[in-house]
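Note: the block below is run.txt and it holds compact mmCIF, C-alpha atoms.
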# COMPACT_ATOMS: atom_id res chain seq x y z
CA MET P 1 -0.64 10.36 6.10
CA GLU P 2 -0.34 7.81 3.29
CA ILE P 3 -3.58 6.14 4.43
CA PHE P 4 -5.46 9.45 4.18
CA LYS P 5 -4.06 9.99 0.69
CA LEU P 6 -5.20 6.55 -0.45
CA LEU P 7 -8.60 7.04 1.19
CA SER P 8 -9.03 10.42 -0.50
CA ILE P 9 -8.22 8.87 -3.89
CA THR P 10 -10.87 6.17 -3.44
CA LEU P 11 -13.61 8.36 -1.94
CA GLY P 12 -12.91 11.11 -4.44
CA ALA P 13 -13.40 8.67 -7.30
CA ILE P 14 -16.64 7.32 -5.79
CA LEU P 15 -18.28 10.61 -4.84
CA ALA P 16 -16.67 13.92 -5.82
CA ASN P 17 -15.46 12.72 -9.22
CA ASN P 18 -18.33 10.35 -9.94
CA PHE P 19 -18.10 9.96 -13.71
CA ILE P 20 -21.83 9.40 -14.11
CA PHE P 21 -23.37 12.09 -11.92
CA SER P 22 -20.72 14.81 -12.15
CA GLN P 23 -19.08 14.28 -15.55
CA PHE P 24 -21.90 12.55 -17.49
CA LEU P 25 -19.56 9.95 -19.03
CA GLY P 26 -20.04 6.21 -19.61
CA ILE P 27 -23.84 6.32 -19.42
CA CYS P 28 -24.61 4.00 -22.36
CA PRO P 29 -25.30 0.91 -20.16
CA PHE P 30 -28.06 2.74 -18.29
CA LEU P 31 -30.60 2.14 -21.03
CA GLY P 32 -30.28 -1.64 -21.00
CA VAL P 33 -29.18 -2.77 -17.54
CA SER P 34 -30.79 -0.32 -15.14
CA LYS P 35 -34.31 -1.78 -15.21
CA LYS P 36 -33.59 -3.88 -12.12
CA ILE P 37 -31.18 -3.64 -9.23
CA ASP P 38 -29.68 -7.12 -9.70
CA THR P 39 -28.56 -6.46 -13.28
CA ALA P 40 -27.34 -2.99 -12.28
CA VAL P 41 -25.21 -4.41 -9.49
CA GLY P 42 -23.91 -7.15 -11.79
CA MET P 43 -22.82 -4.67 -14.44
CA GLY P 44 -21.28 -2.45 -11.76
CA ALA P 45 -19.27 -5.32 -10.33
CA ALA P 46 -18.01 -6.26 -13.82
CA VAL P 47 -16.95 -2.67 -14.53
CA THR P 48 -15.25 -2.36 -11.12
CA PHE P 49 -13.26 -5.55 -11.71
CA VAL P 50 -12.17 -4.47 -15.20
CA MET P 51 -11.45 -0.91 -14.05
CA ALA P 52 -9.21 -1.96 -11.15
CA LEU P 53 -7.16 -4.52 -13.09
CA ALA P 54 -6.95 -2.38 -16.22
CA SER P 55 -5.54 0.50 -14.17
CA ALA P 56 -2.82 -1.72 -12.73
CA PHE P 57 -1.93 -3.29 -16.08
CA CYS P 58 -1.84 0.07 -17.84
CA TYR P 59 0.80 1.29 -15.39
CA LEU P 60 2.89 -1.81 -16.14
CA ILE P 61 2.42 -1.29 -19.87
CA ASN P 62 3.94 2.17 -19.56
CA LEU P 63 7.00 0.71 -17.82
CA VAL P 64 7.61 -1.38 -20.93
CA LEU P 65 6.57 0.95 -23.74
CA VAL P 66 8.11 4.24 -22.60
CA PRO P 67 11.74 2.98 -22.31
CA LEU P 68 11.36 1.39 -25.77
CA ASN P 69 10.10 4.68 -27.26
CA LEU P 70 6.77 3.03 -28.06
CA ALA P 71 4.59 5.41 -26.09
CA PHE P 72 2.46 6.00 -29.20
CA MET P 73 1.23 2.40 -28.79
CA GLN P 74 -0.25 3.04 -25.32
CA THR P 75 -3.88 3.45 -26.39
CA VAL P 76 -3.80 0.29 -28.51
CA ALA P 77 -2.20 -1.67 -25.65
CA TYR P 78 -4.76 -0.33 -23.17
CA ILE P 79 -7.66 -1.40 -25.40
CA LEU P 80 -6.18 -4.89 -25.80
CA VAL P 81 -5.81 -5.26 -22.02
CA ILE P 82 -9.35 -4.02 -21.37
CA ALA P 83 -10.75 -6.32 -24.07
CA GLY P 84 -8.93 -9.30 -22.54
CA LEU P 85 -10.31 -8.53 -19.08
CA VAL P 86 -13.85 -8.11 -20.42
CA GLN P 87 -13.55 -11.43 -22.26
CA PHE P 88 -12.52 -13.08 -19.00
CA VAL P 89 -15.52 -11.57 -17.18
CA GLU P 90 -17.81 -12.66 -20.01
CA MET P 91 -16.56 -16.27 -19.89
CA PHE P 92 -16.81 -16.35 -16.09
CA LEU P 93 -20.40 -15.09 -16.05
CA LYS P 94 -21.45 -17.36 -18.91
CA LYS P 95 -20.20 -20.42 -17.03
CA ASN P 96 -21.02 -19.52 -13.42
CA ILE P 97 -23.89 -16.99 -13.52
CA PRO P 98 -25.72 -17.63 -16.83
CA THR P 99 -28.83 -15.70 -15.78
CA LEU P 100 -26.82 -12.53 -15.19
CA TYR P 101 -24.88 -13.14 -18.40
CA ALA P 102 -28.15 -13.37 -20.34
CA ALA P 103 -29.57 -10.29 -18.60
CA LEU P 104 -26.55 -8.11 -19.39
CA GLY P 105 -26.53 -9.29 -23.01
CA VAL P 106 -24.75 -7.07 -25.50
CA TYR P 107 -23.96 -4.45 -22.86
CA LEU P 108 -21.31 -6.69 -21.29
CA PRO P 109 -18.87 -6.67 -24.23
CA LEU P 110 -19.54 -2.94 -24.60
CA ILE P 111 -17.47 -2.42 -21.43
CA VAL P 112 -14.47 -2.57 -23.77
CA VAL P 113 -15.40 0.77 -25.31
CA ASN P 114 -16.61 2.42 -22.09
CA CYS P 115 -14.93 5.83 -22.18
CA ILE P 116 -14.52 5.86 -18.38
CA ILE P 117 -12.13 2.89 -18.36
CA LEU P 118 -9.92 3.96 -21.25
CA GLY P 119 -10.01 7.65 -20.33
CA ARG P 120 -9.10 7.06 -16.71
CA ALA P 121 -6.33 4.65 -17.67
CA GLU P 122 -4.72 7.32 -19.81
CA ALA P 123 -5.36 10.23 -17.45
CA PHE P 124 -4.54 8.65 -14.07
CA ALA P 125 -3.15 5.11 -14.19
CA SER P 126 -0.44 5.96 -16.70
CA LYS P 127 0.96 8.67 -14.40
CA ASN P 128 0.60 7.23 -10.89
CA SER P 129 1.78 4.27 -8.82
CA PRO P 130 0.14 0.85 -9.17
CA LEU P 131 -1.53 1.06 -5.74
CA ASP P 132 -2.91 4.54 -6.41
CA SER P 133 -4.10 3.38 -9.83
CA ILE P 134 -5.85 0.30 -8.44
CA LEU P 135 -7.58 2.29 -5.70
CA ASP P 136 -8.65 4.92 -8.21
CA GLY P 137 -9.96 2.16 -10.48
CA VAL P 138 -11.90 0.57 -7.62
CA GLY P 139 -13.29 3.96 -6.64
CA ILE P 140 -14.39 4.77 -10.19
CA GLY P 141 -15.98 1.32 -10.48
CA LEU P 142 -17.81 1.68 -7.16
CA GLY P 143 -18.99 5.14 -8.16
CA PHE P 144 -20.32 3.68 -11.40
CA THR P 145 -22.00 0.87 -9.44
CA LEU P 146 -23.55 3.35 -7.01
CA ALA P 147 -24.99 5.45 -9.84
CA LEU P 148 -26.24 2.45 -11.80
CA THR P 149 -27.80 0.85 -8.70
CA ALA P 150 -29.54 4.09 -7.73
CA VAL P 151 -31.05 4.41 -11.20
CA GLY P 152 -32.00 0.72 -11.17
CA ALA P 153 -33.70 1.00 -7.77
CA VAL P 154 -35.78 4.01 -8.78
CA ARG P 155 -36.76 2.48 -12.13
CA GLU P 156 -37.69 -0.87 -10.57
CA ILE P 157 -39.84 0.76 -7.89
CA LEU P 158 -41.54 3.30 -10.17
CA GLY P 159 -41.77 1.07 -13.23
CA SER P 160 -42.77 -2.32 -11.90
CA GLY P 161 -43.72 -1.65 -8.28
CA ALA P 162 -41.07 -4.01 -6.96
CA ILE P 163 -37.66 -3.99 -5.33
CA PHE P 164 -35.15 -6.84 -5.71
CA GLY P 165 -37.93 -8.69 -7.52
CA VAL P 166 -40.26 -8.48 -4.47
CA SER P 167 -43.59 -6.90 -5.37
CA LEU P 168 -44.70 -3.87 -3.37
CA GLY P 169 -48.31 -4.45 -4.41
CA THR P 170 -48.43 -1.28 -6.51
CA ALA P 171 -47.61 -2.72 -9.96
CA ASP P 172 -51.03 -1.84 -11.41
CA PHE P 173 -50.55 1.87 -10.61
CA MET P 174 -46.99 2.29 -11.91
CA PRO P 175 -46.33 4.27 -15.15
CA LEU P 176 -44.87 2.06 -17.88
CA ILE P 177 -42.44 4.76 -19.04
CA PHE P 178 -39.96 3.94 -16.27
CA VAL P 179 -39.52 0.43 -17.65
CA LEU P 180 -38.73 1.81 -21.11
CA ALA P 181 -35.61 3.62 -22.32
CA PRO P 182 -37.02 7.16 -21.82
CA GLY P 183 -37.54 6.31 -18.16
CA ALA P 184 -33.81 5.69 -17.78
CA PHE P 185 -33.08 9.17 -19.12
CA LEU P 186 -35.65 10.77 -16.83
CA VAL P 187 -34.41 9.03 -13.68
CA LEU P 188 -30.77 9.62 -14.54
CA GLY P 189 -31.40 13.30 -15.25
CA TYR P 190 -33.18 13.90 -11.94
CA LEU P 191 -30.54 11.98 -9.98
CA MET P 192 -27.79 14.02 -11.66
CA VAL P 193 -29.53 17.24 -10.61
CA LEU P 194 -29.93 15.96 -7.04
CA PHE P 195 -26.30 14.79 -6.84
CA ASN P 196 -24.90 18.07 -8.10
CA LYS P 197 -27.10 20.12 -5.76
CA LEU P 198 -25.89 18.07 -2.80
CA ALA P 199 -22.28 18.29 -4.02
CA LYS P 200 -22.43 22.10 -4.12
CA LYS P 201 -23.63 22.18 -0.53

Show this structure as structure tokens.
Amino acid sequence: MEIFKLLSITLGAILANNFIFSQFLGICPFLGVSKKIDTAVGMGAAVTFVMALASAFCYLINLVLVPLNLAFMQTVAYILVIAGLVQFVEMFLKKNIPTLYAALGVYLPLIVVNCIILGRAEAFASKNSPLDSILDGVGIGLGFTLALTAVGAVREILGSGAIFGVSLGTADFMPLIFVLAPGAFLVLGYLMVLFNKLAKK
């Protein structure tokens, strides 16, 4: 029974409660990192890592702050934890995967102010067990990765006639708009409609 509960938390966060497609939150990175699948997956992995660890740490923060009557400091503490985790990810990528670090650019440090991470930490992680919080964080991160990768795949195919950097031989016939920022909005909008239609069924 416990396994089914944990599975439902994770799958619910990935699909039913997908923050991008169903709640339209945390979509700022789509403009800059969804041109190609590799950068989309890289950003998704970074968010998943930060989301999972931030959820666990935020639960531990509550164990310290609440008994000391410092609950009003929760949001500040959460932001500090998230910022520290993002800084770690940034240093890791800069040293080990410099091409991905360069591709993500300014959008990587913007994970700190991603409303999904802070909002979910306050709404779920602060009220549930560490394991439930971690699984929810992983699920939210994977749902974010799924959405970002789907947008990246469509934009890469329609915008540059390639997939994973491999040309499909149709680059000369592809509309340029899908490479630009408006293309991200168009693809995301249509995918949101498709997701919500399938969810209702």

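Restricting the calculation to all atoms listed in the file, the smallest distance between Thr10 of chain P and any of P:Leu131, P:Ala45, P:Cys58, P:Leu85 is found for P:Leu131.
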
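In terms of minimum interatomic distance to Phe19 of chain P, P:Ile116 ranks closest within P:Ile116, P:Leu148, P:Ala184, P:Leu135, counting all atoms listed in the file.
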
Expected residue set, 10 Å radius at (-10.4, -1.5, -14.6), all atoms listed in the file, as a PyMOL selection string: chain P and resi 46-58+81-82+85-86+111+116-118+120-121+125+133-134+136-138+140-141

Report, as JSON, the axis-aligned box around all atoms of segment 124-139 of chain P present in the file, extended by 5 Å on each side; give centre and edge lengths in Å to one decimal place.
{"center_x": -5.8, "center_y": 4.5, "center_z": -11.2, "size_x": 25.1, "size_y": 18.4, "size_z": 21.0}

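Counting all atoms listed in the file, the residue from P:Gln23, P:Ala16, P:Tyr101, P:Thr39 that sits nearest to Thr145 of chain P is P:Thr39.
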
Atomic separation - atom CA of Leu65 of chain P relative to atom CA of Glu122 of chain P, Å: 13.5 Å

Long-range neighbours of Leu108 of chain P as number ranges by chain, 10 Å cut-off, only C-alpha atoms, 4 positions minimum in chain: P: 29, 33, 42-43, 46-47, 86-87, 89-90, 93, 101-104, 112

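Nearest residue to Asn18 of chain P, choosing from P:Met192, P:Ala83, P:Ala77, P:Leu100 and counting all atoms listed in the file: P:Met192.
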
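If you look at atom CA of Glu156 of chain P and atom CA of Lys36 of chain P, they are 5.3 Å away from each other.
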
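Interatomic distance, atom CA of Tyr107 of chain P to atom CA of Leu180 of chain P: 16.1 Å.
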
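Residue nearest Lys35 of chain P within the list P:Leu7, P:Ala71, P:Ile163, P:Ile61: P:Ile163 [criterion: smallest interatomic distance, all atoms listed in the file].
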